[in-house]
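Quick look at target.txt (compact mmCIF, C-alpha atoms):
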# COMPACT_ATOMS: atom_id res chain seq x y z
CA MET I 285 -13.72 -2.22 -18.58
CA ALA I 286 -10.05 -1.61 -17.76
CA ASN I 287 -6.65 -2.98 -18.74
CA ILE I 288 -4.86 -3.90 -15.53
CA VAL I 289 -1.32 -4.99 -14.70
CA ILE I 290 -0.85 -6.76 -11.37
CA PHE I 291 2.66 -7.01 -9.95
CA GLY I 292 2.83 -9.74 -7.31
CA ALA I 293 -0.28 -11.36 -8.72
CA THR I 294 -0.06 -14.59 -6.70
CA SER I 295 -0.19 -12.86 -3.32
CA ALA I 296 -3.44 -13.64 -1.51
CA ILE I 297 -4.89 -10.12 -1.79
CA ALA I 298 -3.82 -9.67 -5.42
CA THR I 299 -5.35 -13.00 -6.39
CA GLU I 300 -8.71 -11.97 -4.95
CA CYS I 301 -8.45 -8.61 -6.72
CA ALA I 302 -7.75 -10.38 -10.01
CA LYS I 303 -10.88 -12.51 -9.62
CA LEU I 304 -12.98 -9.40 -9.02
CA PHE I 305 -11.40 -7.56 -11.96
CA VAL I 306 -12.16 -10.47 -14.28
CA GLN I 307 -15.69 -10.73 -12.92
CA ARG I 308 -16.41 -7.16 -13.95
CA GLY I 309 -14.98 -7.73 -17.44
CA ASP I 310 -11.48 -6.28 -17.21
CA HIS I 311 -8.41 -7.43 -19.13
CA ILE I 312 -5.55 -8.59 -16.89
CA PHE I 313 -1.79 -9.07 -17.13
CA LEU I 314 -0.33 -10.98 -14.20
CA ILE I 315 3.28 -10.84 -12.99
CA ALA I 316 4.75 -12.97 -10.22
CA ARG I 317 7.85 -14.98 -9.32
CA ASN I 318 6.38 -18.46 -8.80
CA ALA I 319 5.75 -19.93 -12.26
CA GLU I 320 3.60 -22.83 -11.08
CA ARG I 321 1.27 -20.73 -8.94
CA LEU I 322 1.06 -18.10 -11.65
CA ALA I 323 0.03 -20.64 -14.28
CA VAL I 324 -2.66 -22.02 -11.96
CA LEU I 325 -4.02 -18.53 -11.33
CA GLU I 326 -4.04 -17.70 -15.04
CA SER I 327 -5.92 -20.91 -15.82
CA ASP I 328 -8.49 -20.18 -13.12
CA LEU I 329 -9.06 -16.66 -14.43
CA GLN I 330 -9.41 -17.93 -18.01
CA VAL I 331 -12.28 -20.13 -16.84
CA ARG I 332 -13.93 -17.15 -15.15
CA ALA I 333 -13.37 -14.77 -18.08
CA GLY I 334 -15.51 -14.11 -21.10
CA SER I 335 -14.35 -15.10 -24.57
CA ASP I 336 -13.35 -11.53 -25.39
CA GLN I 337 -11.28 -10.91 -22.26
CA ARG I 338 -7.49 -10.86 -22.52
CA ILE I 339 -5.49 -12.51 -19.73
CA GLY I 340 -1.73 -12.85 -19.94
CA TYR I 341 1.15 -13.36 -17.57
CA ALA I 342 4.92 -13.18 -17.13
CA VAL I 343 7.22 -14.82 -14.60
CA ALA I 344 9.71 -12.44 -13.00
CA ASP I 345 11.59 -11.71 -9.80
CA LEU I 346 10.52 -8.15 -9.07
CA ASN I 347 13.64 -7.51 -7.02
CA GLN I 348 15.44 -7.34 -10.36
CA HIS I 349 14.71 -3.72 -11.16
CA GLU I 350 16.23 -3.93 -14.62
CA LEU I 351 13.30 -6.15 -15.71
CA HIS I 352 10.56 -3.65 -14.88
CA GLU I 353 10.61 -1.77 -18.18
CA GLN I 354 10.44 -5.05 -20.09
CA LEU I 355 7.48 -6.22 -18.02
CA TYR I 356 5.54 -3.07 -18.86
CA THR I 357 6.32 -3.67 -22.54
CA LYS I 358 5.02 -7.25 -22.32
CA ALA I 359 1.89 -6.08 -20.53
CA SER I 360 1.24 -3.42 -23.18
CA GLU I 361 1.69 -5.97 -25.97
CA CYS I 362 -0.91 -8.21 -24.33
CA LEU I 363 -3.43 -5.58 -23.27
CA GLY I 364 -2.98 -2.96 -25.97
CA LYS I 365 -2.82 -0.22 -23.35
CA ILE I 366 -2.59 0.02 -19.57
CA ASP I 367 -5.19 1.78 -17.44
CA THR I 368 -4.41 0.51 -13.95
CA VAL I 369 -1.30 -0.74 -12.17
CA LEU I 370 -1.60 -2.72 -8.93
CA VAL I 371 1.60 -3.30 -6.96
CA ALA I 372 0.96 -6.08 -4.47
CA HIS I 373 4.19 -8.00 -3.92
CA GLY I 374 6.05 -8.06 -0.63
CA SER I 375 7.43 -10.13 2.22
CA LEU I 376 7.12 -10.17 5.98
CA PRO I 377 10.68 -10.22 7.34
CA ASP I 378 11.97 -11.88 10.47
CA GLN I 379 12.61 -8.79 12.58
CA GLY I 380 15.10 -10.53 14.87
CA ALA I 381 17.11 -11.86 11.94
CA CYS I 382 17.15 -8.43 10.31
CA GLU I 383 18.51 -6.90 13.48
CA GLN I 384 21.54 -9.15 13.14
CA SER I 385 22.07 -8.78 9.39
CA VAL I 386 22.57 -5.63 7.35
CA GLU I 387 22.31 -7.67 4.15
CA LEU I 388 18.96 -9.18 5.11
CA THR I 389 17.62 -5.78 6.20
CA LEU I 390 18.59 -4.18 2.90
CA ASN I 391 17.08 -7.09 0.95
CA GLU I 392 13.77 -6.65 2.78
CA LEU I 393 13.80 -2.90 2.17
CA ASN I 394 14.38 -3.63 -1.50
CA THR I 395 11.49 -6.10 -1.71
CA ASN I 396 8.96 -4.06 0.25
CA ALA I 397 9.88 -0.54 -0.86
CA LEU I 398 12.54 0.02 -3.53
CA SER I 399 11.25 -2.54 -6.05
CA ALA I 400 7.73 -1.14 -5.69
CA ILE I 401 9.02 2.41 -6.12
CA SER I 402 10.80 1.39 -9.32
CA ILE I 403 7.61 -0.16 -10.71
CA LEU I 404 5.50 2.83 -9.70
CA THR I 405 7.92 5.33 -11.21
CA ILE I 406 7.75 3.65 -14.60
CA GLY I 407 3.98 3.31 -14.33
CA ALA I 408 3.61 6.95 -13.30
CA ASN I 409 5.46 8.16 -16.38
CA LEU I 410 3.39 5.91 -18.62
CA LEU I 411 0.02 7.01 -17.21
CA ALA I 412 1.02 10.69 -16.99
CA ALA I 413 1.90 10.66 -20.68
CA GLN I 414 -1.52 9.29 -21.64
CA GLY I 415 -3.34 11.53 -19.17
CA TYR I 416 -5.45 8.98 -17.30
CA GLY I 417 -5.32 5.80 -15.26
CA ALA I 418 -4.67 4.62 -11.73
CA LEU I 419 -1.70 3.48 -9.66
CA VAL I 420 -2.50 1.30 -6.65
CA ALA I 421 0.07 0.05 -4.13
CA ILE I 422 -0.45 -2.12 -1.08
CA SER I 423 1.38 -0.55 1.84
CA SER I 424 0.50 -1.33 5.47
CA VAL I 425 -0.62 0.17 8.75
CA ALA I 426 2.85 -0.88 9.93
CA GLY I 427 4.24 2.10 8.03
CA ASP I 428 2.34 4.63 10.14
CA ARG I 429 4.65 4.35 13.14
CA GLY I 430 7.84 2.42 13.84
CA ARG I 431 7.36 -0.36 16.38
CA GLN I 432 10.06 -2.56 17.88
CA SER I 433 8.34 -5.76 16.77
CA ASN I 434 8.49 -5.02 13.02
CA TYR I 435 10.33 -1.77 12.35
CA VAL I 436 12.22 -3.06 9.28
CA TYR I 437 8.94 -3.94 7.57
CA GLY I 438 7.35 -0.75 8.91
CA ALA I 439 10.20 1.39 7.62
CA ALA I 440 9.81 -0.09 4.13
CA LYS I 441 6.06 0.45 4.11
CA GLY I 442 6.47 3.94 5.54
CA MET I 443 8.82 4.76 2.68
CA LEU I 444 6.31 3.42 0.17
CA THR I 445 3.45 5.40 1.74
CA LEU I 446 5.42 8.64 1.69
CA PHE I 447 6.49 8.02 -1.91
CA MET I 448 2.86 7.51 -2.89
CA GLN I 449 1.89 10.79 -1.24
CA GLY I 450 4.40 12.71 -3.32
CA LEU I 451 3.49 10.79 -6.45
CA ARG I 452 -0.17 11.60 -5.86
CA ASN I 453 0.57 15.31 -5.68
CA ARG I 454 2.68 15.13 -8.81
CA LEU I 455 0.06 13.25 -10.87
CA ALA I 456 -3.03 15.11 -9.66
CA LYS I 457 -2.79 17.54 -12.56
CA CYS I 458 -2.43 14.64 -15.01
CA GLY I 459 -5.73 12.95 -14.18
CA VAL I 460 -4.06 9.89 -12.67
CA GLN I 461 -5.41 8.39 -9.45
CA VAL I 462 -2.81 7.26 -6.89
CA LEU I 463 -4.30 4.96 -4.26
CA THR I 464 -2.42 3.79 -1.16
CA VAL I 465 -3.90 0.69 0.46
CA LYS I 466 -3.15 0.12 4.14
CA PRO I 467 -4.29 -3.29 5.35
CA GLY I 468 -4.13 -4.27 8.99
CA PHE I 469 -3.99 -7.94 9.98
CA VAL I 470 -4.92 -10.14 7.02
CA ASP I 471 -5.23 -13.94 7.08
CA THR I 472 -2.75 -14.89 4.34
CA PRO I 473 0.13 -17.36 3.93
CA MET I 474 2.48 -14.48 4.82
CA THR I 475 0.96 -14.34 8.32
CA GLN I 476 0.64 -18.08 8.87
CA ALA I 477 2.82 -18.01 11.99
CA PHE I 478 0.45 -15.62 13.79
CA ASP I 479 -2.42 -16.41 16.13
CA LYS I 480 -5.34 -15.25 13.99
CA GLY I 481 -8.11 -15.13 16.54
CA GLY I 482 -10.01 -11.94 17.23
CA LEU I 483 -11.96 -9.30 15.36
CA LEU I 484 -8.94 -7.42 14.00
CA TRP I 485 -8.22 -10.03 11.33
CA ALA I 486 -9.60 -9.69 7.81
CA GLN I 487 -9.83 -12.17 4.94
CA PRO I 488 -8.11 -11.41 1.59
CA GLU I 489 -11.52 -11.25 -0.13
CA GLN I 490 -12.61 -8.45 2.20
CA VAL I 491 -9.49 -6.44 1.49
CA ALA I 492 -9.84 -7.00 -2.26
CA LYS I 493 -13.42 -5.73 -2.24
CA GLY I 494 -12.26 -2.69 -0.28
CA ILE I 495 -9.57 -1.98 -2.85
CA LEU I 496 -12.00 -2.11 -5.77
CA THR I 497 -14.46 0.12 -3.92
CA ALA I 498 -11.76 2.70 -3.12
CA LEU I 499 -10.53 2.57 -6.70
CA SER I 500 -14.00 3.12 -8.12
CA LYS I 501 -14.61 6.06 -5.76
CA GLY I 502 -11.37 7.78 -6.67
CA LYS I 503 -9.94 7.52 -3.15
CA ASP I 504 -6.37 8.55 -2.30
CA GLU I 505 -5.87 6.27 0.69
CA VAL I 506 -7.82 3.49 2.34
CA TYR I 507 -7.39 1.53 5.57
CA LEU I 508 -8.67 -2.04 5.39
CA LEU I 509 -10.55 -2.86 7.36
CA TRP I 510 -11.89 0.63 8.06
CA PHE I 511 -11.35 0.62 11.84
CA TRP I 512 -7.57 0.51 11.40
CA ARG I 513 -7.61 4.23 10.58
CA TRP I 514 -8.77 4.93 14.15
CA ILE I 515 -6.49 2.34 15.73
CA MET I 516 -3.46 3.87 14.05
CA LEU I 517 -4.58 7.39 14.96
CA ILE I 518 -4.59 6.38 18.61
CA ILE I 519 -1.18 4.69 18.29
CA LYS I 520 0.33 7.76 16.65
CA LEU I 521 -0.96 9.96 19.49
CA ILE I 522 0.93 7.99 22.16
CA PRO I 523 3.86 10.14 23.35
CA GLU I 524 7.33 8.81 22.61
CA TRP I 525 8.33 8.39 26.26
CA LEU I 526 5.37 6.08 26.82
CA PHE I 527 5.64 4.35 23.47
CA LYS I 528 9.18 3.18 24.34
CA LYS I 529 7.80 1.35 27.35
CA LEU I 530 5.19 -0.58 25.37
CA THR I 531 5.95 -3.95 23.80
CA LEU I 532 4.46 -3.17 20.42

Structure encoded using structure tokens:
Amino acid sequence: MANIVIFGATSAIATECAKLFVQRGDHIFLIARNAERLAVLESDLQVRAGSDQRIGYAVADLNQHELHEQLYTKASECLGKIDTVLVAHGSLPDQGACEQSVELTLNELNTNALSAISILTIGANLLAAQGYGALVAISSVAGDRGRQSNYVYGAAKGMLTLFMQGLRNRLAKCGVQVLTVKPGFVDTPMTQAFDKGGLLWAQPEQVAKGILTALSKGKDEVYLLWFWRWIMLIIKLIPEWLFKKLTL
């Protein structure tokens, strides 16, 4: 049984993770921006939970970094202590629009990288002080190599992945697990504009199960689904002169 805080709880993957956490008897504190969707999720989890399970929530815009300390305080008041932090919020930017707008590009970098780094930094200090726990952040295979089709999103996720690597090294001596999750194509509302045919697409439930398995096994990094590790290895091996000619 764990005490878990989920940032970005109403995202498709986080919602499925929350259901699995509650199913195994964990206590949950949910944080998301959309009050209506958050209340619906909390009600659903209350129905699934046992009478002794604690489930709370807070509405917040996670781009407001100054709120992050307060959110941890609220979570601690609800749960008593925090064992696990899952950072799952994010957005999929319009690459073309970002190319024409510095402001939009910086906003997307803030949402997909800087806000997560703020949350993880506070969580890292909390878990390091108590000497146990786990930090989990959803990055992306897009962060493994910059591609013309989504390099703003990829740059943000690459920053997050690299930050997690350093954080993992720092917290190894403290007994804190740092897990980076790298999904490939996932069928979620965020990808609704995509053609979702083919074997490369995963469902949020599949990714959520993969996250819980990796967490329970003490993994440092996990590609979901598993074959994305090999796909990205091949992509990273393509020489730069050839890569520039590809429409990726």

In the coordinate frame of the file, compute which residues have an atom within 12 Å of (3.4, -14.6, -13.2) when using all atoms listed in the file, and state them as a PDB file with C-alpha atoms, in the coordinates of the input.
ATOM      1  CA  VAL I 289      -1.320  -4.990 -14.700  1.00  0.00           C
ATOM      2  CA  ILE I 290      -0.850  -6.760 -11.370  1.00  0.00           C
ATOM      3  CA  PHE I 291       2.660  -7.010  -9.950  1.00  0.00           C
ATOM      4  CA  GLY I 292       2.830  -9.740  -7.310  1.00  0.00           C
ATOM      5  CA  ALA I 293      -0.280 -11.360  -8.720  1.00  0.00           C
ATOM      6  CA  THR I 294      -0.060 -14.590  -6.700  1.00  0.00           C
ATOM      7  CA  SER I 295      -0.190 -12.860  -3.320  1.00  0.00           C
ATOM      8  CA  ALA I 298      -3.820  -9.670  -5.420  1.00  0.00           C
ATOM      9  CA  THR I 299      -5.350 -13.000  -6.390  1.00  0.00           C
ATOM     10  CA  ILE I 312      -5.550  -8.590 -16.890  1.00  0.00           C
ATOM     11  CA  PHE I 313      -1.790  -9.070 -17.130  1.00  0.00           C
ATOM     12  CA  LEU I 314      -0.330 -10.980 -14.200  1.00  0.00           C
ATOM     13  CA  ILE I 315       3.280 -10.840 -12.990  1.00  0.00           C
ATOM     14  CA  ALA I 316       4.750 -12.970 -10.220  1.00  0.00           C
ATOM     15  CA  ARG I 317       7.850 -14.980  -9.320  1.00  0.00           C
ATOM     16  CA  ASN I 318       6.380 -18.460  -8.800  1.00  0.00           C
ATOM     17  CA  ALA I 319       5.750 -19.930 -12.260  1.00  0.00           C
ATOM     18  CA  GLU I 320       3.600 -22.830 -11.080  1.00  0.00           C
ATOM     19  CA  ARG I 321       1.270 -20.730  -8.940  1.00  0.00           C
ATOM     20  CA  LEU I 322       1.060 -18.100 -11.650  1.00  0.00           C
ATOM     21  CA  ALA I 323       0.030 -20.640 -14.280  1.00  0.00           C
ATOM     22  CA  VAL I 324      -2.660 -22.020 -11.960  1.00  0.00           C
ATOM     23  CA  LEU I 325      -4.020 -18.530 -11.330  1.00  0.00           C
ATOM     24  CA  GLU I 326      -4.040 -17.700 -15.040  1.00  0.00           C
ATOM     25  CA  SER I 327      -5.920 -20.910 -15.820  1.00  0.00           C
ATOM     26  CA  ILE I 339      -5.490 -12.510 -19.730  1.00  0.00           C
ATOM     27  CA  GLY I 340      -1.730 -12.850 -19.940  1.00  0.00           C
ATOM     28  CA  TYR I 341       1.150 -13.360 -17.570  1.00  0.00           C
ATOM     29  CA  ALA I 342       4.920 -13.180 -17.130  1.00  0.00           C
ATOM     30  CA  VAL I 343       7.220 -14.820 -14.600  1.00  0.00           C
ATOM     31  CA  ALA I 344       9.710 -12.440 -13.000  1.00  0.00           C
ATOM     32  CA  ASP I 345      11.590 -11.710  -9.800  1.00  0.00           C
ATOM     33  CA  LEU I 346      10.520  -8.150  -9.070  1.00  0.00           C
ATOM     34  CA  LEU I 355       7.480  -6.220 -18.020  1.00  0.00           C
ATOM     35  CA  LYS I 358       5.020  -7.250 -22.320  1.00  0.00           C
ATOM     36  CA  ALA I 359       1.890  -6.080 -20.530  1.00  0.00           C
ATOM     37  CA  HIS I 373       4.190  -8.000  -3.920  1.00  0.00           C
TER      38      HIS I 373
END

Interatomic distance, atom CA of I:Leu446 to atom CA of I:Phe527 (Å, one decimal):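 Atom-to-atom, atom CA of I:Leu446 and atom CA of I:Phe527 are spaced 22.2 Å apart.
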
From I:Thr464, I:Asn453, I:Leu496, I:Pro377, residue lying nearest I:Ala439 [all atoms listed in the file]: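 The shortest atom-to-atom distance to I:Ala439 comes from I:Pro377.
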
Nearest-residue call for I:Val506, choices I:Lys480, I:Arg454, I:Lys493, I:Arg308, using all atoms listed in the file: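 When distances to I:Val506 are compared using all atoms listed in the file, the smallest one comes from I:Lys493.
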
Residue among I:Val465, I:Val425, I:Ala412, I:Arg431 lying closest to I:Lys528, counting only C-alpha atoms: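 Distance minimum relative to I:Lys528 lands on I:Arg431.
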
Between atom CA of I:Ala492 and atom CA of I:Glu361, distance in Å (one decimal): 26.4 Å

Counting all atoms listed in the file, the option among I:Lys529, I:Asn347, I:Asp428, I:Gly481 closest to I:Glu392: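 Ranking I:Lys529, I:Asn347, I:Asp428, I:Gly481 by distance to I:Glu392, first place goes to I:Asn347.
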
Distance of atom CA of I:Ile288 from atom CA of I:Ile366, expressed in Å to one decimal place: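 We find that atom CA of I:Ile366 and atom CA of I:Ile288 lie 6.1 Å from each other.
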
Restore N, CA, C and O atoms in stretch 335-355 of chain I and list the result as a PDB file, in the coordinates of the input.
ATOM      1  N   SER I 335     -15.154 -14.746 -23.395  1.00  0.00           N
ATOM      2  CA  SER I 335     -14.350 -15.100 -24.570  1.00  0.00           C
ATOM      3  C   SER I 335     -13.565 -13.926 -25.133  1.00  0.00           C
ATOM      4  O   SER I 335     -12.559 -14.121 -25.825  1.00  0.00           O
ATOM      5  N   ASP I 336     -14.013 -12.708 -24.850  1.00  0.00           N
ATOM      6  CA  ASP I 336     -13.350 -11.530 -25.390  1.00  0.00           C
ATOM      7  C   ASP I 336     -12.367 -10.881 -24.410  1.00  0.00           C
ATOM      8  O   ASP I 336     -11.761  -9.858 -24.710  1.00  0.00           O
ATOM      9  N   GLN I 337     -12.189 -11.478 -23.253  1.00  0.00           N
ATOM     10  CA  GLN I 337     -11.280 -10.910 -22.260  1.00  0.00           C
ATOM     11  C   GLN I 337      -9.855 -11.432 -22.477  1.00  0.00           C
ATOM     12  O   GLN I 337      -9.648 -12.616 -22.716  1.00  0.00           O
ATOM     13  N   ARG I 338      -8.901 -10.508 -22.357  1.00  0.00           N
ATOM     14  CA  ARG I 338      -7.490 -10.860 -22.520  1.00  0.00           C
ATOM     15  C   ARG I 338      -6.847 -11.059 -21.145  1.00  0.00           C
ATOM     16  O   ARG I 338      -6.925 -10.180 -20.298  1.00  0.00           O
ATOM     17  N   ILE I 339      -6.202 -12.208 -20.975  1.00  0.00           N
ATOM     18  CA  ILE I 339      -5.490 -12.510 -19.730  1.00  0.00           C
ATOM     19  C   ILE I 339      -4.125 -13.077 -20.098  1.00  0.00           C
ATOM     20  O   ILE I 339      -4.037 -14.104 -20.768  1.00  0.00           O
ATOM     21  N   GLY I 340      -3.087 -12.389 -19.674  1.00  0.00           N
ATOM     22  CA  GLY I 340      -1.730 -12.850 -19.940  1.00  0.00           C
ATOM     23  C   GLY I 340      -0.906 -12.836 -18.676  1.00  0.00           C
ATOM     24  O   GLY I 340      -1.343 -12.347 -17.630  1.00  0.00           O
ATOM     25  N   TYR I 341       0.305 -13.375 -18.764  1.00  0.00           N
ATOM     26  CA  TYR I 341       1.150 -13.360 -17.570  1.00  0.00           C
ATOM     27  C   TYR I 341       2.623 -13.451 -17.941  1.00  0.00           C
ATOM     28  O   TYR I 341       2.990 -13.865 -19.053  1.00  0.00           O
ATOM     29  N   ALA I 342       3.480 -13.076 -16.989  1.00  0.00           N
ATOM     30  CA  ALA I 342       4.920 -13.180 -17.130  1.00  0.00           C
ATOM     31  C   ALA I 342       5.518 -13.563 -15.783  1.00  0.00           C
ATOM     32  O   ALA I 342       5.059 -13.088 -14.737  1.00  0.00           O
ATOM     33  N   VAL I 343       6.510 -14.410 -15.818  1.00  0.00           N
ATOM     34  CA  VAL I 343       7.220 -14.820 -14.600  1.00  0.00           C
ATOM     35  C   VAL I 343       8.436 -13.915 -14.429  1.00  0.00           C
ATOM     36  O   VAL I 343       9.222 -13.728 -15.364  1.00  0.00           O
ATOM     37  N   ALA I 344       8.579 -13.340 -13.234  1.00  0.00           N
ATOM     38  CA  ALA I 344       9.710 -12.440 -13.000  1.00  0.00           C
ATOM     39  C   ALA I 344       9.946 -12.272 -11.511  1.00  0.00           C
ATOM     40  O   ALA I 344       9.009 -12.292 -10.704  1.00  0.00           O
ATOM     41  N   ASP I 345      11.205 -12.085 -11.148  1.00  0.00           N
ATOM     42  CA  ASP I 345      11.590 -11.710  -9.800  1.00  0.00           C
ATOM     43  C   ASP I 345      11.610 -10.188  -9.756  1.00  0.00           C
ATOM     44  O   ASP I 345      12.463  -9.553 -10.377  1.00  0.00           O
ATOM     45  N   LEU I 346      10.678  -9.599  -9.049  1.00  0.00           N
ATOM     46  CA  LEU I 346      10.520  -8.150  -9.070  1.00  0.00           C
ATOM     47  C   LEU I 346      11.620  -7.421  -8.318  1.00  0.00           C
ATOM     48  O   LEU I 346      11.707  -6.184  -8.403  1.00  0.00           O
ATOM     49  N   ASN I 347      12.470  -8.143  -7.614  1.00  0.00           N
ATOM     50  CA  ASN I 347      13.640  -7.510  -7.020  1.00  0.00           C
ATOM     51  C   ASN I 347      14.690  -7.154  -8.068  1.00  0.00           C
ATOM     52  O   ASN I 347      15.618  -6.394  -7.785  1.00  0.00           O
ATOM     53  N   GLN I 348      14.538  -7.683  -9.260  1.00  0.00           N
ATOM     54  CA  GLN I 348      15.440  -7.340 -10.360  1.00  0.00           C
ATOM     55  C   GLN I 348      14.875  -6.126 -11.095  1.00  0.00           C
ATOM     56  O   GLN I 348      14.093  -6.232 -12.035  1.00  0.00           O
ATOM     57  N   HIS I 349      15.275  -4.971 -10.656  1.00  0.00           N
ATOM     58  CA  HIS I 349      14.710  -3.720 -11.160  1.00  0.00           C
ATOM     59  C   HIS I 349      14.880  -3.558 -12.667  1.00  0.00           C
ATOM     60  O   HIS I 349      14.054  -2.911 -13.326  1.00  0.00           O
ATOM     61  N   GLU I 350      15.947  -4.107 -13.190  1.00  0.00           N
ATOM     62  CA  GLU I 350      16.230  -3.930 -14.620  1.00  0.00           C
ATOM     63  C   GLU I 350      15.176  -4.605 -15.500  1.00  0.00           C
ATOM     64  O   GLU I 350      15.092  -4.322 -16.706  1.00  0.00           O
ATOM     65  N   LEU I 351      14.348  -5.465 -14.933  1.00  0.00           N
ATOM     66  CA  LEU I 351      13.300  -6.150 -15.710  1.00  0.00           C
ATOM     67  C   LEU I 351      12.008  -5.349 -15.797  1.00  0.00           C
ATOM     68  O   LEU I 351      11.137  -5.674 -16.613  1.00  0.00           O
ATOM     69  N   HIS I 352      11.858  -4.323 -14.997  1.00  0.00           N
ATOM     70  CA  HIS I 352      10.560  -3.650 -14.880  1.00  0.00           C
ATOM     71  C   HIS I 352      10.091  -3.008 -16.182  1.00  0.00           C
ATOM     72  O   HIS I 352       8.914  -3.102 -16.543  1.00  0.00           O
ATOM     73  N   GLU I 353      10.986  -2.363 -16.891  1.00  0.00           N
ATOM     74  CA  GLU I 353      10.610  -1.770 -18.180  1.00  0.00           C
ATOM     75  C   GLU I 353      10.121  -2.842 -19.144  1.00  0.00           C
ATOM     76  O   GLU I 353       9.104  -2.654 -19.833  1.00  0.00           O
ATOM     77  N   GLN I 354      10.824  -3.964 -19.196  1.00  0.00           N
ATOM     78  CA  GLN I 354      10.440  -5.050 -20.090  1.00  0.00           C
ATOM     79  C   GLN I 354       9.065  -5.610 -19.737  1.00  0.00           C
ATOM     80  O   GLN I 354       8.285  -5.984 -20.620  1.00  0.00           O
ATOM     81  N   LEU I 355       8.778  -5.685 -18.453  1.00  0.00           N
ATOM     82  CA  LEU I 355       7.480  -6.220 -18.020  1.00  0.00           C
ATOM     83  C   LEU I 355       6.346  -5.302 -18.446  1.00  0.00           C
ATOM     84  O   LEU I 355       5.273  -5.781 -18.855  1.00  0.00           O
TER      85      LEU I 355
END
